[in-house]
>>> print(open('protein21.cif').read())   # mmCIF, C-alpha atoms
data_model
loop_
_atom_site.group_PDB
_atom_site.id
_atom_site.type_symbol
_atom_site.label_atom_id
_atom_site.label_comp_id
_atom_site.auth_asym_id
_atom_site.auth_seq_id
_atom_site.Cartn_x
_atom_site.Cartn_y
_atom_site.Cartn_z
ATOM 1 C CA MET A 24 -54.395 27.196 -21.277
ATOM 2 C CA PRO A 25 -54.928 23.725 -22.800
ATOM 3 C CA PRO A 26 -57.821 23.262 -25.247
ATOM 4 C CA ALA A 27 -61.138 22.034 -23.842
ATOM 5 C CA HIS A 28 -60.809 18.564 -25.385
ATOM 6 C CA ALA A 29 -57.424 18.079 -23.684
ATOM 7 C CA MET A 30 -58.951 18.968 -20.321
ATOM 8 C CA ALA A 31 -61.811 16.520 -20.901
ATOM 9 C CA LEU A 32 -59.364 13.706 -21.671
ATOM 10 C CA THR A 33 -57.937 13.852 -18.145
ATOM 11 C CA GLY A 34 -60.905 11.701 -17.112
ATOM 12 C CA PRO A 35 -62.640 11.316 -13.752
ATOM 13 C CA GLU A 36 -60.944 11.599 -10.377
ATOM 14 C CA PRO A 37 -59.115 8.386 -9.377
ATOM 15 C CA GLN A 38 -61.273 6.341 -7.036
ATOM 16 C CA VAL A 39 -60.647 4.381 -3.850
ATOM 17 C CA GLY A 40 -62.852 1.295 -3.637
ATOM 18 C CA VAL A 41 -64.747 0.326 -0.487
ATOM 19 C CA GLY A 42 -66.473 -3.049 -0.517
ATOM 20 C CA VAL A 43 -69.784 -3.396 1.290
ATOM 21 C CA VAL A 44 -71.187 -6.851 1.915
ATOM 22 C CA ALA A 45 -74.859 -6.299 2.683
ATOM 23 C CA PRO A 46 -77.691 -8.625 3.698
ATOM 24 C CA PHE A 47 -79.889 -9.838 0.854
ATOM 25 C CA ASP A 48 -82.683 -7.405 1.774
ATOM 26 C CA PHE A 49 -80.543 -4.300 2.365
ATOM 27 C CA ALA A 50 -82.186 -1.213 0.832
ATOM 28 C CA ARG A 51 -80.185 1.769 2.138
ATOM 29 C CA ASP A 52 -77.561 1.987 -0.616
ATOM 30 C CA ARG A 53 -78.221 5.674 -1.220
ATOM 31 C CA GLU A 54 -77.856 6.495 2.480
ATOM 32 C CA LEU A 55 -74.398 4.909 2.622
ATOM 33 C CA TRP A 56 -73.317 6.912 -0.414
ATOM 34 C CA ARG A 57 -74.211 10.185 1.346
ATOM 35 C CA TRP A 58 -71.306 9.724 3.775
ATOM 36 C CA VAL A 59 -68.821 9.006 0.987
ATOM 37 C CA PRO A 60 -66.474 11.687 -0.449
ATOM 38 C CA ASP A 61 -66.139 12.102 -4.213
ATOM 39 C CA SER A 62 -62.860 10.183 -4.257
ATOM 40 C CA VAL A 63 -64.492 6.952 -3.027
ATOM 41 C CA SER A 64 -66.661 4.375 -4.781
ATOM 42 C CA LEU A 65 -68.784 1.878 -2.876
ATOM 43 C CA PHE A 66 -68.931 -1.624 -4.336
ATOM 44 C CA ILE A 67 -72.007 -3.281 -2.805
ATOM 45 C CA ALA A 68 -72.703 -7.013 -3.023
ATOM 46 C CA ARG A 69 -75.509 -8.814 -1.219
ATOM 47 C CA THR A 70 -75.577 -12.146 0.562
ATOM 48 C CA ALA A 71 -77.718 -15.062 -0.504
ATOM 49 C CA GLU A 72 -81.272 -14.994 0.799
ATOM 50 C CA ALA A 73 -81.665 -16.330 4.329
ATOM 51 C CA GLY A 74 -84.765 -17.672 5.973
ATOM 52 C CA GLY A 75 -85.678 -18.191 9.597
ATOM 53 C CA ASP A 76 -88.673 -18.761 11.820
ATOM 54 C CA ASP A 77 -88.118 -15.423 13.564
ATOM 55 C CA ASN A 78 -85.742 -12.466 13.795
ATOM 56 C CA LEU A 79 -83.157 -14.460 15.744
ATOM 57 C CA GLY A 80 -83.271 -17.324 13.268
ATOM 58 C CA THR A 81 -82.706 -15.079 10.256
ATOM 59 C CA VAL A 82 -79.830 -13.079 11.699
ATOM 60 C CA SER A 83 -78.224 -16.222 13.098
ATOM 61 C CA THR A 84 -78.242 -17.715 9.601
ATOM 62 C CA LEU A 85 -76.715 -14.533 8.183
ATOM 63 C CA SER A 86 -74.019 -14.638 10.864
ATOM 64 C CA ASP A 87 -72.595 -17.817 9.325
ATOM 65 C CA PRO A 88 -69.225 -16.830 7.799
ATOM 66 C CA SER A 89 -70.068 -18.737 4.619
ATOM 67 C CA PHE A 90 -72.642 -16.047 3.771
ATOM 68 C CA VAL A 91 -69.966 -13.363 3.365
ATOM 69 C CA GLU A 92 -67.592 -15.398 1.208
ATOM 70 C CA ARG A 93 -69.077 -14.987 -2.289
ATOM 71 C CA PRO A 94 -69.976 -11.262 -1.940
ATOM 72 C CA THR A 95 -66.508 -10.581 -0.511
ATOM 73 C CA ARG A 96 -64.896 -12.149 -3.569
ATOM 74 C CA GLU A 97 -67.138 -10.043 -5.799
ATOM 75 C CA VAL A 98 -66.187 -6.689 -4.261
ATOM 76 C CA CYS A 99 -62.515 -7.643 -4.094
ATOM 77 C CA ALA A 100 -62.583 -8.559 -7.788
ATOM 78 C CA VAL A 101 -63.418 -4.944 -8.674
ATOM 79 C CA GLY A 102 -60.792 -3.401 -6.429
ATOM 80 C CA ALA A 103 -62.150 -2.965 -2.905
ATOM 81 C CA GLU A 104 -59.325 -1.920 -0.580
ATOM 82 C CA VAL A 105 -61.384 -2.643 2.542
ATOM 83 C CA VAL A 106 -64.505 -4.780 2.990
ATOM 84 C CA ILE A 107 -67.155 -4.311 5.665
ATOM 85 C CA TYR A 108 -70.128 -6.533 6.476
ATOM 86 C CA ALA A 109 -72.935 -3.984 6.762
ATOM 87 C CA CYS A 110 -75.290 -5.825 9.084
ATOM 88 C CA THR A 111 -75.332 -5.005 12.770
ATOM 89 C CA SER A 112 -77.369 -7.906 14.136
ATOM 90 C CA CYS A 113 -75.681 -10.461 11.865
ATOM 91 C CA SER A 114 -72.303 -9.431 13.253
ATOM 92 C CA PHE A 115 -73.161 -9.169 16.968
ATOM 93 C CA VAL A 116 -75.534 -12.127 17.356
ATOM 94 C CA GLY A 117 -72.590 -14.549 17.713
ATOM 95 C CA GLY A 118 -70.787 -12.317 20.222
ATOM 96 C CA ALA A 119 -67.219 -11.122 19.874
ATOM 97 C CA ARG A 120 -66.081 -14.537 18.665
ATOM 98 C CA GLY A 121 -68.704 -14.590 15.930
ATOM 99 C CA GLU A 122 -67.790 -11.064 14.839
ATOM 100 C CA ALA A 123 -64.127 -12.054 14.596
ATOM 101 C CA ALA A 124 -65.044 -15.157 12.562
ATOM 102 C CA LEU A 125 -66.825 -12.992 9.995
ATOM 103 C CA ARG A 126 -63.766 -10.773 9.609
ATOM 104 C CA GLU A 127 -61.536 -13.813 9.242
ATOM 105 C CA ALA A 128 -63.816 -15.203 6.534
ATOM 106 C CA MET A 129 -63.602 -11.965 4.559
ATOM 107 C CA LEU A 130 -59.835 -11.877 4.888
ATOM 108 C CA GLY A 131 -59.754 -15.470 3.686
ATOM 109 C CA GLN A 132 -61.638 -14.492 0.534
ATOM 110 C CA GLY A 133 -59.162 -11.787 -0.442
ATOM 111 C CA ALA A 134 -60.104 -8.722 1.598
ATOM 112 C CA ALA A 135 -57.004 -6.673 2.420
ATOM 113 C CA ARG A 136 -58.805 -5.310 5.484
ATOM 114 C CA ALA A 137 -62.081 -6.534 6.931
ATOM 115 C CA LEU A 138 -64.606 -4.936 9.279
ATOM 116 C CA THR A 139 -68.185 -5.407 10.455
ATOM 117 C CA THR A 140 -70.843 -2.896 11.432
ATOM 118 C CA SER A 141 -70.883 -4.145 15.020
ATOM 119 C CA GLY A 142 -67.132 -3.775 15.345
ATOM 120 C CA ALA A 143 -67.377 -0.359 13.692
ATOM 121 C CA ALA A 144 -70.048 0.717 16.172
ATOM 122 C CA VAL A 145 -67.817 -0.220 19.112
ATOM 123 C CA ASP A 146 -64.951 1.783 17.625
ATOM 124 C CA ALA A 147 -67.296 4.702 16.956
ATOM 125 C CA LEU A 148 -68.595 4.774 20.527
ATOM 126 C CA ARG A 149 -65.022 4.782 21.786
ATOM 127 C CA ALA A 150 -64.150 7.577 19.354
ATOM 128 C CA VAL A 151 -66.854 9.819 20.861
ATOM 129 C CA HIS A 152 -65.603 8.902 24.370
ATOM 130 C CA ALA A 153 -68.800 7.161 25.438
ATOM 131 C CA ARG A 154 -68.824 5.011 28.558
ATOM 132 C CA ARG A 155 -72.555 4.779 29.261
ATOM 133 C CA VAL A 156 -74.720 4.107 26.223
ATOM 134 C CA ALA A 157 -78.431 4.197 25.474
ATOM 135 C CA VAL A 158 -79.073 1.581 22.787
ATOM 136 C CA VAL A 159 -82.079 1.761 20.460
ATOM 137 C CA HIS A 160 -82.967 -0.882 17.886
ATOM 138 C CA PRO A 161 -85.804 -2.489 15.882
ATOM 139 C CA TYR A 162 -85.192 -6.105 16.939
ATOM 140 C CA GLU A 163 -87.316 -8.708 18.668
ATOM 141 C CA GLU A 164 -86.432 -9.297 22.315
ATOM 142 C CA PRO A 165 -83.996 -12.234 21.915
ATOM 143 C CA VAL A 166 -81.893 -10.253 19.438
ATOM 144 C CA GLY A 167 -82.138 -7.106 21.550
ATOM 145 C CA ARG A 168 -80.742 -9.031 24.532
ATOM 146 C CA ARG A 169 -77.790 -10.207 22.466
ATOM 147 C CA LEU A 170 -77.117 -6.650 21.353
ATOM 148 C CA LYS A 171 -77.011 -5.465 24.971
ATOM 149 C CA ARG A 172 -74.631 -8.314 25.832
ATOM 150 C CA TYR A 173 -72.338 -7.490 22.906
ATOM 151 C CA VAL A 174 -72.125 -3.794 23.786
ATOM 152 C CA THR A 175 -71.612 -4.596 27.469
ATOM 153 C CA GLU A 176 -68.844 -7.092 26.733
ATOM 154 C CA ALA A 177 -67.150 -4.410 24.619
ATOM 155 C CA GLY A 178 -66.739 -2.385 27.802
ATOM 156 C CA PHE A 179 -69.746 -0.046 27.863
ATOM 157 C CA ALA A 180 -72.489 0.307 30.457
ATOM 158 C CA VAL A 181 -75.850 -0.045 28.686
ATOM 159 C CA VAL A 182 -78.143 2.255 30.651
ATOM 160 C CA ALA A 183 -81.151 1.725 28.346
ATOM 161 C CA ASN A 184 -82.017 -0.826 25.653
ATOM 162 C CA THR A 185 -85.130 0.229 23.753
ATOM 163 C CA ALA A 186 -86.908 -1.498 20.862
ATOM 164 C CA LEU A 187 -88.680 0.335 18.044
ATOM 165 C CA GLY A 188 -91.922 -1.485 18.709
ATOM 166 C CA ILE A 189 -92.977 -2.331 15.157
ATOM 167 C CA PRO A 190 -92.981 -5.757 13.460
ATOM 168 C CA VAL A 191 -89.568 -6.688 12.062
ATOM 169 C CA ARG A 192 -91.053 -7.039 8.579
ATOM 170 C CA GLU A 193 -91.909 -3.299 8.670
ATOM 171 C CA VAL A 194 -88.394 -2.125 9.547
ATOM 172 C CA LEU A 195 -87.371 -1.752 5.892
ATOM 173 C CA SER A 196 -90.051 0.919 5.465
ATOM 174 C CA ALA A 197 -89.390 2.739 8.756
ATOM 175 C CA SER A 198 -89.629 6.532 8.461
ATOM 176 C CA TYR A 199 -87.408 9.284 9.804
ATOM 177 C CA ALA A 200 -90.230 10.200 12.190
ATOM 178 C CA GLN A 201 -90.309 6.682 13.644
ATOM 179 C CA VAL A 202 -86.545 6.600 14.087
ATOM 180 C CA ALA A 203 -86.478 10.057 15.686
ATOM 181 C CA ASP A 204 -89.241 9.058 18.109
ATOM 182 C CA LEU A 205 -87.287 5.899 18.965
ATOM 183 C CA VAL A 206 -84.104 7.831 19.723
ATOM 184 C CA LEU A 207 -85.859 10.454 21.822
ATOM 185 C CA ALA A 208 -87.782 7.828 23.779
ATOM 186 C CA GLY A 209 -84.731 5.593 24.164
ATOM 187 C CA ASP A 210 -82.294 8.193 25.428
ATOM 188 C CA HIS A 211 -81.368 8.140 29.105
ATOM 189 C CA PRO A 212 -80.092 11.040 31.231
ATOM 190 C CA ASP A 213 -77.096 8.951 32.325
ATOM 191 C CA ALA A 214 -76.073 8.063 28.756
ATOM 192 C CA ASP A 215 -72.969 9.657 27.234
ATOM 193 C CA ALA A 216 -74.176 8.679 23.750
ATOM 194 C CA VAL A 217 -77.031 6.981 21.917
ATOM 195 C CA PHE A 218 -76.371 4.070 19.569
ATOM 196 C CA VAL A 219 -78.954 3.413 16.849
ATOM 197 C CA SER A 220 -78.528 -0.191 15.756
ATOM 198 C CA CYS A 221 -79.593 -1.756 12.418
ATOM 199 C CA THR A 222 -78.447 -0.758 8.934
ATOM 200 C CA ALA A 223 -82.071 -0.963 7.743
ATOM 201 C CA LEU A 224 -82.971 2.229 9.628
ATOM 202 C CA PRO A 225 -82.588 5.587 7.837
ATOM 203 C CA THR A 226 -80.615 8.068 9.935
ATOM 204 C CA TYR A 227 -78.418 10.408 7.860
ATOM 205 C CA ASP A 228 -80.479 13.599 8.188
ATOM 206 C CA LEU A 229 -81.497 12.867 11.784
ATOM 207 C CA ILE A 230 -78.103 12.684 13.438
ATOM 208 C CA ALA A 231 -77.155 16.360 13.659
ATOM 209 C CA PRO A 232 -80.581 17.643 14.829
ATOM 210 C CA LEU A 233 -80.920 14.823 17.368
ATOM 211 C CA GLU A 234 -77.455 15.566 18.731
ATOM 212 C CA ARG A 235 -78.408 19.236 19.147
ATOM 213 C CA GLU A 236 -81.629 18.321 20.926
ATOM 214 C CA LEU A 237 -80.105 15.675 23.199
ATOM 215 C CA GLY A 238 -76.764 17.387 23.770
ATOM 216 C CA LYS A 239 -74.786 14.181 23.183
ATOM 217 C CA PRO A 240 -73.383 12.095 20.296
ATOM 218 C CA VAL A 241 -75.740 9.898 18.316
ATOM 219 C CA VAL A 242 -73.941 7.029 16.578
ATOM 220 C CA THR A 243 -75.885 5.056 13.983
ATOM 221 C CA ALA A 244 -75.164 1.743 12.297
ATOM 222 C CA ASN A 245 -74.879 3.081 8.750
ATOM 223 C CA GLN A 246 -72.860 6.097 9.863
ATOM 224 C CA ALA A 247 -70.395 3.892 11.777
ATOM 225 C CA THR A 248 -70.157 1.488 8.818
ATOM 226 C CA VAL A 249 -68.955 4.116 6.362
ATOM 227 C CA TRP A 250 -66.899 6.037 8.944
ATOM 228 C CA ALA A 251 -64.962 2.932 9.961
ATOM 229 C CA ALA A 252 -64.314 1.725 6.408
ATOM 230 C CA LEU A 253 -63.001 5.136 5.370
ATOM 231 C CA ARG A 254 -60.977 5.567 8.544
ATOM 232 C CA VAL A 255 -58.780 2.551 7.862
ATOM 233 C CA LEU A 256 -57.980 4.186 4.503
ATOM 234 C CA GLY A 257 -57.099 7.478 6.194
ATOM 235 C CA LEU A 258 -60.193 9.190 4.780
ATOM 236 C CA ARG A 259 -63.042 11.122 6.379
ATOM 237 C CA ALA A 260 -66.743 10.532 5.927
ATOM 238 C CA THR A 261 -68.889 13.501 4.921
ATOM 239 C CA GLY A 262 -71.758 14.845 6.998
ATOM 240 C CA SER A 263 -72.429 18.184 8.613
ATOM 241 C CA GLY A 264 -72.813 18.490 12.369
ATOM 242 C CA GLN A 265 -72.193 14.818 13.250
ATOM 243 C CA SER A 266 -70.004 14.339 16.324
ATOM 244 C CA LEU A 267 -68.468 11.066 15.159
ATOM 245 C CA LEU A 268 -67.160 12.619 11.958
ATOM 246 C CA ARG A 269 -65.233 15.205 13.965
ATOM 247 C CA SER A 270 -63.354 12.512 15.910
ATOM 248 C CA ALA A 271 -59.655 11.908 15.299
ATOM 249 C CA LEU A 272 -58.614 9.681 12.394
ATOM 250 C CA GLU A 273 -57.175 6.570 14.002
ATOM 251 C CA ILE A 274 -56.887 2.979 12.853
ATOM 252 C CA PRO A 275 -59.426 0.893 14.853
ATOM 253 C CA SER A 276 -57.820 -1.228 17.543
ATOM 254 C CA THR A 277 -60.363 -4.058 17.236
ATOM 255 C CA SER A 278 -60.162 -4.795 13.506
ATOM 256 C CA PRO A 279 -57.324 -5.887 11.198
#
>>> encode(input="protein21.cif", output="C-alpha cells")
Amino acid sequence: MPPAHAMALTGPEPQVGVGVVAPFDFARDRELWRWVPDSVSLFIARTAEAGGDDNLGTVSTLSDPSFVERPTREVCAVGAEVVIYACTSCSFVGGARGEAALREAMLGQGAARALTTSGAAVDALRAVHARRVAVVHPYEEPVGRRLKRYVTEAGFAVVANTALGIPVREVLSASYAQVADLVLAGDHPDADAVFVSCTALPTYDLIAPLERELGKPVVTANQATVWAALRVLGLRATGSGQSLLRSALEIPSTSP
C-alpha cells in the first residue's frame, strides 16, 4: 500500500466544465450545483445589468444576443465544454428564431456546444413523452403569452398556463411553499406533464414529492438546464425520484 502522502498527491478528481451564462440577477447558483455530479464543475458568469419598464422590456433586452457574448467568453476561457444560457424567458421571448440566435452567438464566442434553458425545457418535455403540458410561471401576462406560444410552436398542446400571482420583483424571494401551491393549482387533468418556467424559482426538493402527488412528470427550468448541459456530455444529473433524470441519455435534436 502506498504511503499516505503519495495517495494525497494524486489530487482531486478530474473535472468536466459546464459553462452557465446567467442573468445579472440570478441567485440560484446553489440549486444548480445540487444536480451536478462530483466530476463536473459549473462555471457561472452573469450578463450585464438590464433595465426595462416592465417584465417584457427586461427580458426582451436580455434576449439580445450581445448580452451572452462576454459571459460566454469568460466561461470558455476556463474550460467550459458546453455553455447554456440559464434564463427561460430571455430565451423564449424572441420565439424559436430568437432562441437559435442566442445559441449562435454563444458558438460565435467560442462555445463548443451551446444551449438555452428554453430549448432544454422542450427537449426535457419530449424526453418524458409529454404531449399535453400544464405550464406554470411567475411572469406578467405579455411574457406568459409568449411562453405559451413558444411551447405550442415546439409541438405541445398547452392545456393550462398559470401565473404565480406575485409581483415580478418578489420572484427572487419566492418560497418552496409558493412554488408548490403554483404547481398544484396550475396542473390540469389532461396534462401529461407540468412545466415550471423561470430559473429564479427554487424547485429541487419539490420535484419528486410533486410528481408523487400529481402522478405525472414535473419538469422545471433549473432541472432542465443542468440535465440538458450534462446530457450533451454523456453525463447524468443527480436527483432522487425525478422522472426526467430517469430518461434515456440522448443528444438533443434541437441544439448543436
>>> residues_around(input="protein21.cif", residues="Ala244 (chain A)", least_positions_apart="5", cutoff="6 Å", atoms="only C-alpha atoms", output="number ranges by chain")
A: 220-222
>>> write_last_selection(input="protein21.cif", atoms="C-alpha atoms", output="PDB file, in the frame of the given file")
ATOM      1  CA  SER A 220     -78.528  -0.191  15.756  1.00  0.00           C
ATOM      2  CA  CYS A 221     -79.593  -1.756  12.418  1.00  0.00           C
ATOM      3  CA  THR A 222     -78.447  -0.758   8.934  1.00  0.00           C
TER       4      THR A 222
END
>>> resolve_selection(input="protein21.cif", expression="the PyMOL selection byres ((chain A and resi 178) around 12)", output="ChimeraX atom specification")
/A:119,145-146,148-149,152-156,171-177,179-181
>>> residues_around(input="protein21.cif", residues="Val106 (chain A)", least_positions_apart="4", cutoff="8 Å", atoms="all atoms listed in the file", output="list in words")
Val41, Gly42, Val43, Val44, Thr95, Val98, Cys99, Met129, Ala134, Ala135, Arg136, Ala137, Leu138 and Ala252 of chain A
>>> closest_residue(input="protein21.cif", among="A:Asp76, A:Arg169, A:Tyr162, A:Gly209", to="Thr185 (chain A)", atoms="only C-alpha atoms")
A:Gly209
>>> residues_around(input="protein21.cif", residues="Thr139 (chain A)", least_positions_apart="6", cutoff="12 Å", atoms="all atoms listed in the file", output="PDB file with C-alpha atoms, in the coordinates of the input")
ATOM      1  CA  GLY A  42     -66.473  -3.049  -0.517  1.00  0.00           C
ATOM      2  CA  VAL A  43     -69.784  -3.396   1.290  1.00  0.00           C
ATOM      3  CA  VAL A  44     -71.187  -6.851   1.915  1.00  0.00           C
ATOM      4  CA  ALA A  45     -74.859  -6.299   2.683  1.00  0.00           C
ATOM      5  CA  SER A  86     -74.019 -14.638  10.864  1.00  0.00           C
ATOM      6  CA  PRO A  88     -69.225 -16.830   7.799  1.00  0.00           C
ATOM      7  CA  VAL A  91     -69.966 -13.363   3.365  1.00  0.00           C
ATOM      8  CA  VAL A 105     -61.384  -2.643   2.542  1.00  0.00           C
ATOM      9  CA  VAL A 106     -64.505  -4.780   2.990  1.00  0.00           C
ATOM     10  CA  ILE A 107     -67.155  -4.311   5.665  1.00  0.00           C
ATOM     11  CA  TYR A 108     -70.128  -6.533   6.476  1.00  0.00           C
ATOM     12  CA  ALA A 109     -72.935  -3.984   6.762  1.00  0.00           C
ATOM     13  CA  CYS A 110     -75.290  -5.825   9.084  1.00  0.00           C
ATOM     14  CA  THR A 111     -75.332  -5.005  12.770  1.00  0.00           C
ATOM     15  CA  SER A 112     -77.369  -7.906  14.136  1.00  0.00           C
ATOM     16  CA  CYS A 113     -75.681 -10.461  11.865  1.00  0.00           C
ATOM     17  CA  SER A 114     -72.303  -9.431  13.253  1.00  0.00           C
ATOM     18  CA  PHE A 115     -73.161  -9.169  16.968  1.00  0.00           C
ATOM     19  CA  ALA A 119     -67.219 -11.122  19.874  1.00  0.00           C
ATOM     20  CA  GLY A 121     -68.704 -14.590  15.930  1.00  0.00           C
ATOM     21  CA  GLU A 122     -67.790 -11.064  14.839  1.00  0.00           C
ATOM     22  CA  ALA A 123     -64.127 -12.054  14.596  1.00  0.00           C
ATOM     23  CA  ALA A 124     -65.044 -15.157  12.562  1.00  0.00           C
ATOM     24  CA  LEU A 125     -66.825 -12.992   9.995  1.00  0.00           C
ATOM     25  CA  ARG A 126     -63.766 -10.773   9.609  1.00  0.00           C
ATOM     26  CA  GLU A 127     -61.536 -13.813   9.242  1.00  0.00           C
ATOM     27  CA  ALA A 128     -63.816 -15.203   6.534  1.00  0.00           C
ATOM     28  CA  MET A 129     -63.602 -11.965   4.559  1.00  0.00           C
ATOM     29  CA  LEU A 130     -59.835 -11.877   4.888  1.00  0.00           C
ATOM     30  CA  VAL A 145     -67.817  -0.220  19.112  1.00  0.00           C
ATOM     31  CA  ASP A 146     -64.951   1.783  17.625  1.00  0.00           C
ATOM     32  CA  THR A 222     -78.447  -0.758   8.934  1.00  0.00           C
ATOM     33  CA  ALA A 244     -75.164   1.743  12.297  1.00  0.00           C
ATOM     34  CA  ASN A 245     -74.879   3.081   8.750  1.00  0.00           C
ATOM     35  CA  ALA A 247     -70.395   3.892  11.777  1.00  0.00           C
ATOM     36  CA  THR A 248     -70.157   1.488   8.818  1.00  0.00           C
ATOM     37  CA  VAL A 249     -68.955   4.116   6.362  1.00  0.00           C
ATOM     38  CA  TRP A 250     -66.899   6.037   8.944  1.00  0.00           C
ATOM     39  CA  ALA A 251     -64.962   2.932   9.961  1.00  0.00           C
ATOM     40  CA  ALA A 252     -64.314   1.725   6.408  1.00  0.00           C
ATOM     41  CA  PRO A 275     -59.426   0.893  14.853  1.00  0.00           C
ATOM     42  CA  THR A 277     -60.363  -4.058  17.236  1.00  0.00           C
ATOM     43  CA  SER A 278     -60.162  -4.795  13.506  1.00  0.00           C
ATOM     44  CA  PRO A 279     -57.324  -5.887  11.198  1.00  0.00           C
TER      45      PRO A 279
END
>>> decode(input="protein21.cif", residues="region 74-81 of chain A", atoms="all heavy atoms", output="PDB file, in the first residue's frame")
ATOM      1  N   GLY A  74     -32.143  46.910 -17.892  1.00  0.00           N
ATOM      2  CA  GLY A  74     -33.323  47.593 -17.393  1.00  0.00           C
ATOM      3  C   GLY A  74     -34.522  47.320 -18.272  1.00  0.00           C
ATOM      4  O   GLY A  74     -34.464  46.554 -19.230  1.00  0.00           O
ATOM      5  N   GLY A  75     -35.627  47.938 -17.933  1.00  0.00           N
ATOM      6  CA  GLY A  75     -36.854  47.787 -18.708  1.00  0.00           C
ATOM      7  C   GLY A  75     -38.013  48.369 -17.939  1.00  0.00           C
ATOM      8  O   GLY A  75     -38.014  48.374 -16.701  1.00  0.00           O
ATOM      9  N   ASP A  76     -39.007  48.847 -18.658  1.00  0.00           N
ATOM     10  CA  ASP A  76     -40.167  49.448 -18.000  1.00  0.00           C
ATOM     11  C   ASP A  76     -41.055  48.408 -17.340  1.00  0.00           C
ATOM     12  O   ASP A  76     -41.837  48.713 -16.444  1.00  0.00           O
ATOM     13  CB  ASP A  76     -40.991  50.258 -19.007  1.00  0.00           C
ATOM     14  CG  ASP A  76     -40.236  51.463 -19.538  1.00  0.00           C
ATOM     15  OD1 ASP A  76     -39.357  51.970 -18.812  1.00  0.00           O
ATOM     16  OD2 ASP A  76     -40.518  51.873 -20.676  1.00  0.00           O
ATOM     17  N   ASP A  77     -40.963  47.153 -17.802  1.00  0.00           N
ATOM     18  CA  ASP A  77     -41.787  46.086 -17.250  1.00  0.00           C
ATOM     19  C   ASP A  77     -41.084  44.754 -17.493  1.00  0.00           C
ATOM     20  O   ASP A  77     -39.950  44.718 -17.995  1.00  0.00           O
ATOM     21  CB  ASP A  77     -43.186  46.092 -17.893  1.00  0.00           C
ATOM     22  CG  ASP A  77     -43.151  46.056 -19.414  1.00  0.00           C
ATOM     23  OD1 ASP A  77     -42.088  45.688 -19.993  1.00  0.00           O
ATOM     24  OD2 ASP A  77     -44.169  46.383 -20.042  1.00  0.00           O
ATOM     25  N   ASN A  78     -41.731  43.672 -17.127  1.00  0.00           N
ATOM     26  CA  ASN A  78     -41.170  42.335 -17.277  1.00  0.00           C
ATOM     27  C   ASN A  78     -40.790  42.046 -18.727  1.00  0.00           C
ATOM     28  O   ASN A  78     -39.688  41.557 -19.019  1.00  0.00           O
ATOM     29  CB  ASN A  78     -42.213  41.326 -16.773  1.00  0.00           C
ATOM     30  CG  ASN A  78     -41.725  39.901 -16.709  1.00  0.00           C
ATOM     31  OD1 ASN A  78     -42.532  38.982 -16.715  1.00  0.00           O
ATOM     32  ND2 ASN A  78     -40.431  39.662 -16.619  1.00  0.00           N
ATOM     33  N   LEU A  79     -41.674  42.382 -19.658  1.00  0.00           N
ATOM     34  CA  LEU A  79     -41.393  42.140 -21.068  1.00  0.00           C
ATOM     35  C   LEU A  79     -40.198  42.952 -21.547  1.00  0.00           C
ATOM     36  O   LEU A  79     -39.345  42.449 -22.293  1.00  0.00           O
ATOM     37  CB  LEU A  79     -42.625  42.460 -21.918  1.00  0.00           C
ATOM     38  CG  LEU A  79     -42.475  42.256 -23.435  1.00  0.00           C
ATOM     39  CD1 LEU A  79     -42.108  40.814 -23.764  1.00  0.00           C
ATOM     40  CD2 LEU A  79     -43.756  42.677 -24.154  1.00  0.00           C
ATOM     41  N   GLY A  80     -40.094  44.190 -21.098  1.00  0.00           N
ATOM     42  CA  GLY A  80     -38.978  45.023 -21.514  1.00  0.00           C
ATOM     43  C   GLY A  80     -37.640  44.491 -21.036  1.00  0.00           C
ATOM     44  O   GLY A  80     -36.659  44.466 -21.787  1.00  0.00           O
ATOM     45  N   THR A  81     -37.599  44.013 -19.796  1.00  0.00           N
ATOM     46  CA  THR A  81     -36.339  43.498 -19.246  1.00  0.00           C
ATOM     47  C   THR A  81     -35.903  42.228 -19.950  1.00  0.00           C
ATOM     48  O   THR A  81     -34.746  42.088 -20.364  1.00  0.00           O
ATOM     49  CB  THR A  81     -36.483  43.230 -17.737  1.00  0.00           C
ATOM     50  OG1 THR A  81     -36.821  44.453 -17.075  1.00  0.00           O
ATOM     51  CG2 THR A  81     -35.185  42.693 -17.167  1.00  0.00           C
TER      52      THR A  81
END
